[in-house]
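A.B. asks: Dropping in protein-v7.cif, which is mmCIF, C-alpha atoms and all ligand atoms:
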```cif
data_input
loop_
_atom_site.label_atom_id
_atom_site.label_comp_id
_atom_site.auth_asym_id
_atom_site.auth_seq_id
_atom_site.Cartn_x
_atom_site.Cartn_y
_atom_site.Cartn_z
CA MET B 1437 0.00 0.00 0.00
CA ALA B 1438 1.24 3.44 -0.93
CA VAL B 1439 0.09 5.68 1.93
CA ASP B 1440 3.01 7.78 3.13
CA ALA B 1441 2.22 10.61 5.57
CA LEU B 1442 0.13 13.66 6.37
CA LYS B 1443 1.42 16.83 4.76
CA CYS B 1444 0.58 20.52 5.21
CA LYS B 1445 -1.09 21.88 2.05
CA GLU B 1446 0.54 25.28 2.66
CA CYS B 1447 4.11 24.79 3.92
CA GLY B 1448 4.65 21.12 3.07
CA LYS B 1449 5.65 19.98 6.57
CA LYS B 1450 5.08 16.24 7.01
CA TYR B 1451 3.31 14.57 9.97
CA PRO B 1452 2.69 10.95 11.00
CA LEU B 1453 -0.63 9.31 10.06
CA GLU B 1454 -2.43 10.21 13.31
CA ALA B 1455 -5.53 12.18 14.31
CA LEU B 1456 -4.05 15.51 13.21
CA PHE B 1457 -5.64 18.07 10.94
CA VAL B 1458 -3.80 21.40 11.14
CA CYS B 1459 -0.16 22.26 10.72
CA SER B 1460 1.50 23.33 13.96
CA GLU B 1461 3.86 25.60 11.98
CA CYS B 1462 1.47 27.59 9.77
CA PHE B 1463 -2.09 26.42 10.66
CA GLY B 1464 -2.59 25.12 7.09
CA PRO B 1465 -4.81 22.04 6.56
CA LEU B 1466 -3.17 18.61 6.43
CA GLU B 1467 -3.80 16.08 3.69
CA VAL B 1468 -2.76 12.51 3.04
CA VAL B 1469 0.12 11.95 0.61
CA TYR B 1470 1.16 8.71 -1.06
CA ASP B 1471 4.29 7.22 -2.52
CA TYR B 1472 3.20 5.47 -5.70
CA SER B 1473 6.70 4.73 -6.97
CA GLY B 1474 6.83 1.09 -7.94
CA LEU B 1475 3.08 0.82 -8.59
CA ASP B 1476 2.37 -1.58 -11.45
CA VAL B 1477 -0.54 -0.05 -13.38
CA GLU B 1478 -1.88 -3.28 -14.89
CA GLU B 1479 -1.62 -5.04 -11.55
CA ALA B 1480 -3.41 -2.12 -9.84
CA LYS B 1481 -6.28 -2.35 -12.36
CA ARG B 1482 -6.57 -6.10 -11.82
CA THR B 1483 -6.63 -5.62 -8.04
CA ILE B 1484 -9.45 -3.12 -8.44
CA GLN B 1485 -11.47 -5.32 -10.79
CA SER B 1486 -11.15 -8.40 -8.63
CA GLY B 1487 -11.74 -6.40 -5.45
CA PRO B 1488 -14.90 -6.06 -3.35
CA GLN B 1489 -18.06 -4.42 -4.72
CA SER B 1490 -17.43 -1.32 -2.62
CA ILE B 1491 -15.01 1.58 -2.21
CA TRP B 1492 -12.50 -0.84 -0.68
CA ARG B 1493 -11.62 -2.02 -4.21
CA TYR B 1494 -9.65 1.28 -4.35
CA SER B 1495 -7.86 0.79 -1.01
CA GLU B 1496 -4.45 1.02 -2.73
CA PHE B 1497 -5.27 4.73 -3.14
CA LEU B 1498 -6.70 5.25 0.35
CA PRO B 1499 -4.90 5.96 3.66
CA PHE B 1500 -4.50 2.37 4.87
CA THR B 1501 -1.76 -0.21 5.02
CA GLU B 1502 -4.28 -3.05 4.79
CA ARG B 1503 -7.64 -3.19 3.02
CA PRO B 1504 -10.27 -2.21 5.63
CA LYS B 1505 -13.54 -4.04 6.13
CA SER B 1506 -16.83 -2.42 6.99
CA ARG B 1507 -20.22 -3.93 7.60
CA LEU B 1508 -22.13 -1.46 5.42
CA ALA B 1509 -20.79 -1.75 1.88
CA THR B 1510 -20.44 1.72 0.38
CA GLY B 1511 -19.84 2.77 -3.20
CA LEU B 1512 -20.16 1.39 -6.73
CA SER B 1513 -23.17 3.59 -7.26
CA PRO B 1514 -24.65 3.54 -10.78
CA LEU B 1515 -23.29 5.85 -13.47
CA ILE B 1516 -26.42 6.39 -15.54
CA HIS B 1517 -26.33 7.50 -19.17
CA ALA B 1518 -28.94 10.29 -19.39
CA PRO B 1519 -29.75 10.88 -23.09
CA ARG B 1520 -33.15 12.47 -22.37
CA LEU B 1521 -31.57 15.00 -20.02
CA GLY B 1522 -28.84 15.62 -22.60
CA GLU B 1523 -31.45 16.11 -25.32
CA TYR B 1524 -33.30 18.66 -23.18
CA LEU B 1525 -30.05 20.51 -22.62
CA GLY B 1526 -29.58 21.12 -26.33
CA GLY B 1527 -28.49 17.77 -27.75
CA LEU B 1528 -25.70 16.66 -25.40
CA LYS B 1529 -25.06 13.01 -26.23
CA ASN B 1530 -22.95 11.87 -23.31
CA VAL B 1531 -24.36 13.20 -20.06
CA TYR B 1532 -23.95 10.73 -17.18
CA VAL B 1533 -25.54 10.96 -13.75
CA LYS B 1534 -23.57 9.47 -10.85
CA ASN B 1535 -26.42 8.59 -8.52
CA GLU B 1536 -25.24 8.41 -4.93
CA ALA B 1537 -28.68 7.58 -3.54
CA SER B 1538 -27.76 3.89 -3.74
CA ASN B 1539 -25.34 4.12 -0.80
CA PRO B 1540 -26.35 2.67 2.61
CA THR B 1541 -27.68 6.00 3.92
CA HIS B 1542 -28.44 7.37 0.46
CA SER B 1543 -25.76 10.00 -0.02
CA PHE B 1544 -22.07 10.25 -0.91
CA LYS B 1545 -21.32 10.87 2.78
CA ASP B 1546 -21.18 7.10 3.31
CA ARG B 1547 -17.87 7.19 1.43
CA VAL B 1548 -16.17 9.78 3.62
CA VAL B 1549 -17.55 8.23 6.80
CA SER B 1550 -16.42 4.71 5.80
CA VAL B 1551 -12.85 5.96 5.37
CA ALA B 1552 -12.80 8.18 8.48
CA MET B 1553 -14.33 5.45 10.65
CA ALA B 1554 -11.98 2.74 9.44
CA LYS B 1555 -9.06 5.04 10.29
CA ALA B 1556 -10.59 5.98 13.67
CA GLN B 1557 -10.95 2.30 14.56
CA GLU B 1558 -7.35 1.64 13.47
CA LEU B 1559 -6.24 4.49 15.78
CA GLY B 1560 -8.24 2.97 18.65
CA TYR B 1561 -11.12 5.46 18.99
CA GLU B 1562 -14.29 4.21 20.67
CA VAL B 1563 -16.56 7.20 20.03
CA ILE B 1564 -17.35 8.68 16.61
CA ALA B 1565 -18.79 12.16 16.18
CA CYS B 1566 -19.51 14.82 13.56
CA ALA B 1567 -20.85 18.29 12.82
CA SER B 1568 -23.39 17.82 10.05
CA THR B 1569 -25.70 19.55 7.59
CA GLY B 1570 -27.79 16.34 7.53
CA ASN B 1571 -26.37 13.62 5.31
CA LEU B 1572 -23.23 13.21 7.36
CA ALA B 1573 -25.45 12.78 10.44
CA ASN B 1574 -27.27 9.87 8.76
CA ALA B 1575 -24.01 8.23 7.73
CA VAL B 1576 -22.15 8.59 11.05
CA ALA B 1577 -25.13 7.27 13.02
CA ALA B 1578 -25.57 4.25 10.73
CA HIS B 1579 -21.92 3.26 10.32
CA ALA B 1580 -21.29 3.63 14.08
CA ALA B 1581 -24.31 1.39 14.75
CA ALA B 1582 -23.03 -1.22 12.29
CA ALA B 1583 -19.58 -1.21 13.92
CA GLY B 1584 -20.98 -1.21 17.47
CA LEU B 1585 -19.40 2.14 18.38
CA ASP B 1586 -20.98 4.98 20.35
CA SER B 1587 -21.67 8.13 18.37
CA TYR B 1588 -22.54 11.79 18.90
CA VAL B 1589 -24.09 13.70 16.04
CA PHE B 1590 -24.38 17.50 16.12
CA ILE B 1591 -26.80 19.23 13.74
CA PRO B 1592 -28.46 22.64 13.38
CA THR B 1593 -31.94 22.34 14.95
CA ASP B 1594 -33.74 23.48 11.78
CA LEU B 1595 -32.78 20.54 9.53
CA GLU B 1596 -35.34 18.74 7.38
CA GLU B 1597 -37.44 16.37 9.51
CA GLN B 1598 -36.61 13.44 7.20
CA LYS B 1599 -32.89 13.88 7.89
CA ILE B 1600 -33.44 14.12 11.65
CA LEU B 1601 -35.58 10.97 11.69
CA ALA B 1602 -33.14 9.11 9.44
CA THR B 1603 -30.38 9.84 11.98
CA GLY B 1604 -32.08 9.27 15.33
CA VAL B 1605 -33.38 5.89 14.22
CA TYR B 1606 -29.87 4.38 14.42
CA GLY B 1607 -29.61 5.03 18.17
CA THR B 1608 -27.01 7.81 18.10
CA GLU B 1609 -26.80 10.63 20.66
CA LEU B 1610 -28.39 13.33 18.51
CA VAL B 1611 -27.67 16.92 19.55
CA GLY B 1612 -29.59 19.79 17.93
CA VAL B 1613 -27.64 23.03 18.24
CA LYS B 1614 -29.49 26.34 18.16
CA GLY B 1615 -27.57 27.96 15.34
CA ASN B 1616 -26.49 27.31 11.77
CA TYR B 1617 -23.93 24.77 10.55
CA ASP B 1618 -21.04 27.18 11.07
CA ASP B 1619 -22.04 27.49 14.76
CA VAL B 1620 -22.26 23.69 15.03
CA ASN B 1621 -18.85 23.30 13.45
CA ARG B 1622 -17.26 25.85 15.79
CA LEU B 1623 -18.77 24.08 18.81
CA CYS B 1624 -17.51 20.69 17.62
CA THR B 1625 -14.02 22.05 17.01
CA GLU B 1626 -13.99 23.18 20.66
CA LEU B 1627 -15.39 19.83 21.83
CA SER B 1628 -12.76 17.93 19.87
CA ALA B 1629 -10.12 19.55 22.09
CA GLU B 1630 -12.00 18.40 25.25
CA TYR B 1631 -13.09 14.88 24.30
CA ASP B 1632 -11.01 12.05 22.98
CA TRP B 1633 -13.45 11.31 20.16
CA ALA B 1634 -13.01 10.87 16.44
CA PHE B 1635 -14.88 13.80 14.88
CA VAL B 1636 -14.97 12.52 11.31
CA ASN B 1637 -14.89 15.96 9.67
CA ILE B 1638 -12.63 17.69 12.22
CA ASN B 1639 -9.72 15.72 13.67
CA MET B 1640 -10.27 12.91 11.11
CA ARG B 1641 -10.77 15.37 8.22
CA PRO B 1642 -7.62 14.46 6.23
CA TYR B 1643 -8.82 10.82 6.10
CA TYR B 1644 -12.53 11.64 5.73
CA SER B 1645 -11.89 13.78 2.66
CA GLU B 1646 -9.90 11.01 0.94
CA GLY B 1647 -13.17 9.03 0.73
CA SER B 1648 -14.44 11.49 -1.90
CA LYS B 1649 -11.64 10.50 -4.29
CA THR B 1650 -13.50 7.23 -4.86
CA LEU B 1651 -16.19 9.21 -6.73
CA ALA B 1652 -13.55 10.11 -9.31
CA TYR B 1653 -12.07 6.57 -9.49
CA GLU B 1654 -15.48 4.98 -9.90
CA ALA B 1655 -16.54 7.33 -12.70
CA MET B 1656 -13.32 6.54 -14.60
CA GLU B 1657 -13.65 2.78 -14.07
CA GLN B 1658 -17.33 2.85 -15.11
CA LEU B 1659 -16.48 4.85 -18.25
CA GLY B 1660 -14.13 1.99 -19.23
CA TRP B 1661 -10.94 3.47 -17.69
CA LYS B 1662 -11.59 6.80 -19.39
CA LEU B 1663 -11.73 10.39 -18.22
CA PRO B 1664 -14.85 12.52 -18.54
CA ASP B 1665 -14.29 15.85 -20.32
CA ARG B 1666 -16.25 17.81 -17.73
CA ILE B 1667 -17.78 17.30 -14.30
CA VAL B 1668 -20.37 19.20 -12.27
CA SER B 1669 -20.31 18.79 -8.49
CA PRO B 1670 -22.00 20.53 -5.55
CA ILE B 1671 -19.90 22.55 -3.11
CA ALA B 1672 -20.54 23.01 0.62
CA SER B 1673 -17.17 23.01 2.43
CA GLY B 1674 -15.41 22.32 -0.89
CA SER B 1675 -13.99 18.99 0.28
CA LEU B 1676 -15.77 16.80 -2.29
CA PHE B 1677 -14.87 19.16 -5.15
CA THR B 1678 -11.17 19.35 -4.32
CA LYS B 1679 -10.85 15.61 -3.68
CA LEU B 1680 -12.53 14.74 -6.98
CA TYR B 1681 -9.73 16.79 -8.53
CA LYS B 1682 -7.13 14.87 -6.53
CA GLY B 1683 -8.67 11.54 -7.57
CA PHE B 1684 -8.73 12.27 -11.30
CA ASN B 1685 -5.19 13.64 -11.25
CA GLU B 1686 -3.73 10.74 -9.32
CA TRP B 1687 -4.86 8.34 -12.03
CA ILE B 1688 -3.68 10.67 -14.80
CA ASP B 1689 -0.26 10.98 -13.17
CA LEU B 1690 -0.01 7.21 -12.79
CA ALA B 1691 -1.14 6.68 -16.42
CA ILE B 1692 -4.05 4.51 -15.26
CA VAL B 1693 -6.10 6.73 -17.56
CA GLU B 1694 -4.92 8.88 -20.46
CA GLY B 1695 -5.85 12.46 -21.15
CA LYS B 1696 -6.24 15.74 -19.37
CA THR B 1697 -7.98 16.81 -16.18
CA PRO B 1698 -11.70 17.35 -16.73
CA VAL B 1699 -13.14 20.88 -16.65
CA PHE B 1700 -14.50 21.35 -13.11
CA HIS B 1701 -17.78 23.16 -12.46
CA GLY B 1702 -18.85 23.74 -8.86
CA ALA B 1703 -22.48 24.29 -7.89
CA GLN B 1704 -23.85 26.40 -5.04
CA ALA B 1705 -27.20 27.87 -4.03
CA THR B 1706 -27.62 31.63 -4.31
CA GLY B 1707 -28.74 31.49 -0.67
CA CYS B 1708 -25.31 30.12 0.35
CA ASN B 1709 -22.80 31.19 -2.27
CA PRO B 1710 -19.45 32.13 -0.67
CA VAL B 1711 -17.35 30.23 -3.23
CA ALA B 1712 -19.44 31.28 -6.25
CA ASN B 1713 -19.25 34.93 -5.15
CA ALA B 1714 -15.48 34.78 -4.81
CA PHE B 1715 -15.30 33.17 -8.26
CA ASP B 1716 -17.43 35.94 -9.79
CA GLU B 1717 -15.44 38.66 -8.04
CA GLY B 1718 -12.11 37.21 -9.15
CA VAL B 1719 -10.73 37.00 -5.61
CA ASP B 1720 -8.98 34.02 -4.00
CA PHE B 1721 -10.65 34.09 -0.57
CA CYS B 1722 -14.27 33.42 0.42
CA LYS B 1723 -16.20 36.01 2.39
CA PRO B 1724 -18.46 34.10 4.83
CA VAL B 1725 -22.23 34.35 4.27
CA LYS B 1726 -25.29 33.61 6.42
CA PRO B 1727 -27.05 30.73 4.65
CA ASP B 1728 -30.70 30.98 3.65
CA THR B 1729 -31.62 28.32 1.09
CA ILE B 1730 -33.69 25.14 0.69
CA ALA B 1731 -30.39 23.36 -0.09
CA LYS B 1732 -29.65 22.84 3.61
CA SER B 1733 -27.12 20.09 2.95
CA LEU B 1734 -24.95 22.69 1.18
CA ALA B 1735 -25.54 25.45 3.76
CA ILE B 1736 -21.97 26.09 4.88
CA GLY B 1737 -21.38 29.84 5.05
CA ASN B 1738 -17.67 29.61 5.85
CA PRO B 1739 -16.24 26.84 3.65
CA ALA B 1740 -12.94 25.36 4.88
CA ASP B 1741 -11.79 24.31 1.41
CA GLY B 1742 -13.26 27.31 -0.45
CA PRO B 1743 -9.94 28.80 -1.65
CA TYR B 1744 -8.76 25.39 -2.93
CA ALA B 1745 -12.09 24.91 -4.75
CA LEU B 1746 -11.55 28.27 -6.47
CA ASP B 1747 -8.09 27.14 -7.61
CA VAL B 1748 -9.55 23.93 -9.05
CA ALA B 1749 -12.34 25.69 -10.99
CA ARG B 1750 -9.98 28.35 -12.35
CA GLY B 1751 -7.12 25.94 -13.04
CA THR B 1752 -9.29 23.61 -15.15
CA GLY B 1753 -11.09 26.33 -17.10
CA GLY B 1754 -14.30 25.68 -15.16
CA THR B 1755 -16.69 27.84 -13.16
CA ILE B 1756 -18.56 28.01 -9.86
CA GLU B 1757 -22.27 28.45 -10.57
CA GLN B 1758 -25.02 29.68 -8.28
CA VAL B 1759 -28.73 28.93 -8.64
CA THR B 1760 -31.85 30.22 -6.86
CA ASP B 1761 -34.21 28.08 -4.78
CA ASP B 1762 -36.73 28.08 -7.65
CA GLU B 1763 -34.02 26.91 -10.04
CA ILE B 1764 -33.14 24.16 -7.54
CA ARG B 1765 -36.76 22.96 -7.47
CA TYR B 1766 -36.78 23.00 -11.26
CA GLY B 1767 -33.47 21.07 -11.33
CA ILE B 1768 -34.97 18.34 -9.14
CA LYS B 1769 -38.01 18.11 -11.43
CA LEU B 1770 -35.93 18.15 -14.61
CA LEU B 1771 -33.75 15.26 -13.40
CA ALA B 1772 -36.77 13.27 -12.24
CA HIS B 1773 -38.71 13.83 -15.51
CA THR B 1774 -35.80 12.96 -17.79
CA THR B 1775 -33.96 10.21 -15.89
CA GLY B 1776 -36.27 8.74 -13.24
CA VAL B 1777 -33.82 9.78 -10.54
CA PHE B 1778 -35.23 11.69 -7.56
CA THR B 1779 -32.54 13.80 -5.95
CA GLU B 1780 -32.40 15.88 -2.81
CA THR B 1781 -31.88 19.64 -3.03
CA ALA B 1782 -28.08 19.30 -3.50
CA GLY B 1783 -28.68 17.40 -6.75
CA GLY B 1784 -31.16 20.08 -7.76
CA VAL B 1785 -28.36 22.62 -7.35
CA THR B 1786 -26.07 20.49 -9.52
CA VAL B 1787 -28.57 19.84 -12.31
CA ALA B 1788 -29.72 23.49 -12.38
CA SER B 1789 -26.05 24.51 -12.65
CA LEU B 1790 -25.50 22.06 -15.52
CA LYS B 1791 -28.51 23.63 -17.26
CA LYS B 1792 -26.94 27.09 -16.93
CA ILE B 1793 -23.61 25.95 -18.33
CA ALA B 1794 -25.32 24.16 -21.23
CA GLU B 1795 -27.48 27.21 -22.00
CA ARG B 1796 -24.34 29.34 -22.30
CA GLY B 1797 -23.25 26.95 -25.06
CA GLU B 1798 -20.05 25.91 -23.28
CA ILE B 1799 -20.54 22.16 -23.76
CA ASP B 1800 -19.76 20.38 -27.02
CA PRO B 1801 -22.49 17.82 -27.90
CA ASP B 1802 -19.96 14.96 -27.99
CA GLU B 1803 -18.30 15.71 -24.65
CA THR B 1804 -18.61 13.27 -21.77
CA VAL B 1805 -20.10 15.10 -18.81
CA VAL B 1806 -20.43 13.51 -15.36
CA VAL B 1807 -22.97 15.14 -13.06
CA TYR B 1808 -22.63 14.20 -9.39
CA VAL B 1809 -26.05 13.69 -7.83
CA THR B 1810 -24.95 13.27 -4.26
CA GLY B 1811 -28.13 12.53 -2.31
CA GLU B 1812 -31.67 11.13 -2.24
CA GLY B 1813 -34.91 13.05 -2.86
CA LEU B 1814 -36.89 11.31 -0.13
CA LYS B 1815 -34.78 13.19 2.43
CA THR B 1816 -35.93 16.65 1.26
CA LEU B 1817 -39.55 16.01 0.30
CA ASP B 1818 -40.64 19.60 0.88
CA ALA B 1819 -38.74 20.65 -2.23
CA ALA B 1820 -41.12 18.53 -4.35
CA ARG B 1821 -44.30 19.76 -2.67
CA GLY B 1822 -46.52 21.82 -4.98
CA THR B 1823 -44.46 21.09 -8.10
CA PHE B 1824 -47.08 18.87 -9.79
CA GLU B 1825 -50.84 18.41 -10.08
CA LYS B 1826 -52.85 15.64 -8.46
CA TYR B 1827 -56.38 14.79 -9.58
CA GLU B 1828 -59.01 13.70 -7.07
CA ILE B 1829 -61.95 11.93 -8.66
CA GLU B 1830 -64.95 9.76 -7.84
CA PRO B 1831 -64.27 6.08 -8.57
CA THR B 1832 -66.07 6.11 -11.95
CA VAL B 1833 -64.93 5.95 -15.56
CA ASP B 1834 -66.92 9.10 -16.32
CA ALA B 1835 -65.10 11.05 -13.62
CA PHE B 1836 -61.77 9.83 -14.97
CA ASN B 1837 -62.68 10.81 -18.53
CA GLU B 1838 -63.90 14.20 -17.41
CA PHE B 1839 -61.03 15.27 -15.15
CA VAL B 1840 -57.85 13.47 -16.13
CA PRO B 1841 -56.09 14.40 -19.37
CA THR B 1842 -55.14 11.49 -21.62
CA PRO B 1843 -51.64 11.32 -23.03
CA VAL B 1844 -51.19 12.37 -26.63
CA THR B 1845 -50.31 9.33 -28.73
CA ALA B 1846 -48.99 9.48 -32.27
C1 LIG Z 1 -25.76 15.72 -0.57
C2 LIG Z 1 -24.51 16.53 -0.40
N1 LIG Z 1 -23.81 16.86 -1.50
C3 LIG Z 1 -22.69 17.58 -1.44
C4 LIG Z 1 -22.18 18.03 -0.23
C5 LIG Z 1 -20.92 18.86 -0.27
O1 LIG Z 1 -19.94 18.44 0.55
P1 LIG Z 1 -18.55 19.19 0.79
O2 LIG Z 1 -18.63 19.73 2.19
O3 LIG Z 1 -17.55 18.10 0.66
O4 LIG Z 1 -18.39 20.29 -0.20
C6 LIG Z 1 -22.86 17.71 0.95
C7 LIG Z 1 -22.34 18.15 2.24
O5 LIG Z 1 -22.89 18.06 3.26
C8 LIG Z 1 -24.05 16.94 0.86
O6 LIG Z 1 -24.75 16.58 1.95
ZN ZN Z 2 2.16 24.27 7.37
#
```
Translate this file's structure into C-alpha cells.
Ligand SMILES: Cc1ncc(COP(=O)(O)O)c(C=O)c1O
Ligand SMILES: [Zn+2]
C.D. replies:
Amino acid sequence: MAVDALKCKECGKKYPLEALFVCSECFGPLEVVYDYSGLDVEEAKRTIQSGPQSIWRYSEFLPFTERPKSRLATGLSPLIHAPRLGEYLGGLKNVYVKNEASNPTHSFKDRVVSVAMAKAQELGYEVIACASTGNLANAVAAHAAAAGLDSYVFIPTDLEEQKILATGVYGTELVGVKGNYDDVNRLCTELSAEYDWAFVNINMRPYYSEGSKTLAYEAMEQLGWKLPDRIVSPIASGSLFTKLYKGFNEWIDLAIVEGKTPVFHGAQATGCNPVANAFDEGVDFCKPVKPDTIAKSLAIGNPADGPYALDVARGTGGTIEQVTDDEIRYGIKLLAHTTGVFTETAGGVTVASLKKIAERGEIDPDETVVVYVTGEGLKTLDAARGTFEKYEIEPTVDAFNEFVPTPVTA
C-alpha cells in the first residue's frame, strides 16, 4: 500500500498518520500523501477489478496499510447514461448521472464516513462524532451502529425532519444546536479539544476527505478506464470538489487513464454562495455568508476548502455556478422527468447549474459530462411539494374521462 504521511497543504511539513488536521507551523490544513513509486498499473487495475463491490476495491489509493472491512458496503453507485436529459439541454449526447442515492444511507457521505471510521478504529477510537448539515449525520449514526461504536451527532436544529428521523433511528446521541452549521462546526471544534473522540470531519478530516476521491475513481472505471471531459459537483465546504480533482489527477499521473484533467464546475445555491461569489469577483478568498436556502445540505457559510475549490475551478477552465431556490426545485423536477432519478436539493443545485452551463453553449455535444447527484430526494420532500398536479376523482370511468387528461399518442 502506498500511503506515506500527512502533509501541510501550505508549507509542506510532514506529519505521522495520526488524528491531526492542522499544521503546527502555519495552521494550514493537512492532507494525506502517497508514494506510488513502484506501482504496477496493470496489476493495480486487476486488483481493483477483482476487489470487493465497494469503495474498498480502491484501497491502494486510500490511507491504509491493509484493506479495511466495513459492515455497510459503500460505493459502486450507478453511473447512468442520461440521453433524455442531454437532449433537453440542447443535444448533449454523453451526459452521465452518478447517482449516490444507492449508498447505505443514500448519499455520498457514506464514502467519507467509511474511510474516516476505518481510520478511527485503526487508531483505537471508541466514540465517533460529527458536525453535520444532515447527510453526514445519517451516515455517522448508521456506520457507528453497524460497527458497534458509540456516536454523537451534532446538527443545526432546523434541519429537514426526514434527515433528523433518518439519523435518530440508528440510536445515536443526537444533539440539535441552536444555530447554523457554522455554529455547530465551531462548537464541535472546541469539543474535539475536550473529548477524545473521532470527529470525522474535524480531527479525522484528512482521512474523511480522501473518501471522496473514490467518486472520481469509480466514474473513470465505469467509463471503461476513461476520463470525462467535464464534471459538475456541488460545493458546501469544498472537500468533495477538491478531492474529486485529486482523484482524477492521481490516475492521470499514474497513467491509469490517459488524457487531461476534466473541466470542473462547482455548484452552489444563491442562498449560500461564498465560493461562487469569490469566483465571480475574481478574488482568492471566500467572504463568509449567512445561509438561507432550501439546499440545507450545502448550507456552509464559511467553507474550509473554499480557496482550494476556487483554484480547481480556475485551473481547469471551469466555473462556480449559483442557482436560486426556484431553479433548484426545477433542477430536481428536470432530473426526475428525464432520468427517473429523484434527488435531494443538493442534486437540484447540480442539475440546475449544468442547465446554466449548457445554455451558455459551453458544452460540445460529444463531450462526456459527469454530473454528481450526491443525495436522495426522499430526504428533502418539501422541495417537491406543490411542483405537480394531483387529480381527485370519484371512482367512476366518467369522472376519470372528465377530469384526467389522456396522453397524446402518435
Ligand atoms: C448531498 C450533499 N452533496 C454535497 C455536499 C458537499 O460536501 P462538501 O462539504 O464536501 O463540499 C454535501 C455536504 O454536506 C451533501 O450533503
Ligand atoms: Zn504548514
A.B. asks: Any idea what's packed within 10 Å of Asp1689 in chain B, counting only C-alpha atoms, ignoring anything in its chain fewer than 6 positions away? Could you give it as number ranges by chain?
C.D. replies: B: 1472, 1695-1696
A.B. asks: If we count all atoms listed in the file, what is near Leu1525 in chain B at a cut-off of 12 Å, once residues fewer than 4 positions away on the same chain are taken out, given as a PyMOL selection string?
C.D. replies: chain B and resi 1518-1521+1529-1531+1767+1770-1771+1774+1787-1801+1805
A.B. asks: Within 8 Å of ligand LIG 1 (chain Z), counting all atoms listed in the file: which residues, as a ChimeraX atom specification?
C.D. replies: /B:1543-1545,1568-1572,1645,1648,1669-1677,1733-1736,1739,1741,1780-1783,1809-1812
A.B. asks: Per residue of chain B within 8 Å of ligand ZN 2 (chain Z), what are the shortest atom pair and its distance in Å to one decimal, counting only C-alpha atoms and all ligand atoms, with rows by chain and residue number, as JSON lines?
C.D. replies:
```
{"residue": "B:Lys1443", "atom": "CA", "partner": "Z:ZN2", "partner_atom": "ZN", "distance": 7.9}
{"residue": "B:Cys1444", "atom": "CA", "partner": "Z:ZN2", "partner_atom": "ZN", "distance": 4.6}
{"residue": "B:Lys1445", "atom": "CA", "partner": "Z:ZN2", "partner_atom": "ZN", "distance": 6.7}
{"residue": "B:Glu1446", "atom": "CA", "partner": "Z:ZN2", "partner_atom": "ZN", "distance": 5.1}
{"residue": "B:Cys1447", "atom": "CA", "partner": "Z:ZN2", "partner_atom": "ZN", "distance": 4.0}
{"residue": "B:Gly1448", "atom": "CA", "partner": "Z:ZN2", "partner_atom": "ZN", "distance": 5.9}
{"residue": "B:Lys1449", "atom": "CA", "partner": "Z:ZN2", "partner_atom": "ZN", "distance": 5.6}
{"residue": "B:Val1458", "atom": "CA", "partner": "Z:ZN2", "partner_atom": "ZN", "distance": 7.6}
{"residue": "B:Cys1459", "atom": "CA", "partner": "Z:ZN2", "partner_atom": "ZN", "distance": 4.5}
{"residue": "B:Ser1460", "atom": "CA", "partner": "Z:ZN2", "partner_atom": "ZN", "distance": 6.7}
{"residue": "B:Glu1461", "atom": "CA", "partner": "Z:ZN2", "partner_atom": "ZN", "distance": 5.1}
{"residue": "B:Cys1462", "atom": "CA", "partner": "Z:ZN2", "partner_atom": "ZN", "distance": 4.2}
{"residue": "B:Phe1463", "atom": "CA", "partner": "Z:ZN2", "partner_atom": "ZN", "distance": 5.8}
{"residue": "B:Gly1464", "atom": "CA", "partner": "Z:ZN2", "partner_atom": "ZN", "distance": 4.8}
{"residue": "B:Pro1465", "atom": "CA", "partner": "Z:ZN2", "partner_atom": "ZN", "distance": 7.4}
{"residue": "B:Leu1466", "atom": "CA", "partner": "Z:ZN2", "partner_atom": "ZN", "distance": 7.8}
```
A.B. asks: Using Å and a single decimal, report how far CA of Lys1682 in chain B sits from CA of Lys1649 in chain B.
C.D. replies: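 Atom-to-atom, CA of Lys1649 in chain B and CA of Lys1682 in chain B are spaced 6.7 Å apart.
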A.B. asks: Could you work out how far CA of Tyr1617 in chain B lies from CA of Ala1705 in chain B, giving the answer in Å with one decimal?
C.D. replies: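 These atoms are spaced 15.3 Å apart.
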A.B. asks: May I have the residues within 12 Å of Val1693 in chain B as a VMD selection string, using all atoms listed in the file and disregarding those fewer than 5 positions away in the same chain?
C.D. replies: chain B and resid 1477 to 1478 1481 1652 to 1653 1655 to 1657 1659 to 1664 1683 to 1688
A.B. asks: Rank nothing, just name the residue among B:Asp1761, B:Arg1666, B:Gly1527, B:Pro1642 nearest to Pro1452 in chain B, using all atoms listed in the file.
C.D. replies: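 Smallest separation from Pro1452 in chain B among the options: B:Pro1642.
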A.B. asks: Counting only C-alpha atoms, which of B:Thr1804, B:Thr1729, B:Asn1639, B:Gln1489 gets nearest to Pro1698 in chain B?
C.D. replies: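 Closest to Pro1698 in chain B, using only C-alpha atoms: B:Thr1804.
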A.B. asks: Of the residues B:Ile1730, B:Ala1703, B:Leu1512, B:Val1840, which is the one nearest to Gly1754 in chain B, using all atoms listed in the file?
C.D. replies: B:Ala1703
A.B. asks: Can you pull range 1779-1792 of chain B out of that block with C-alpha atoms and hand it back as a PDB file, in the first residue's frame?
C.D. replies:
```pdb
ATOM      1  CA  THR B1779     -32.541  13.805  -5.950  1.00  0.00           C
ATOM      2  CA  GLU B1780     -32.399  15.881  -2.811  1.00  0.00           C
ATOM      3  CA  THR B1781     -31.878  19.636  -3.035  1.00  0.00           C
ATOM      4  CA  ALA B1782     -28.083  19.301  -3.496  1.00  0.00           C
ATOM      5  CA  GLY B1783     -28.676  17.397  -6.750  1.00  0.00           C
ATOM      6  CA  GLY B1784     -31.160  20.082  -7.760  1.00  0.00           C
ATOM      7  CA  VAL B1785     -28.356  22.619  -7.350  1.00  0.00           C
ATOM      8  CA  THR B1786     -26.072  20.491  -9.517  1.00  0.00           C
ATOM      9  CA  VAL B1787     -28.567  19.844 -12.312  1.00  0.00           C
ATOM     10  CA  ALA B1788     -29.725  23.491 -12.383  1.00  0.00           C
ATOM     11  CA  SER B1789     -26.054  24.510 -12.645  1.00  0.00           C
ATOM     12  CA  LEU B1790     -25.496  22.065 -15.516  1.00  0.00           C
ATOM     13  CA  LYS B1791     -28.506  23.634 -17.257  1.00  0.00           C
ATOM     14  CA  LYS B1792     -26.940  27.089 -16.933  1.00  0.00           C
TER      15      LYS B1792
END
```
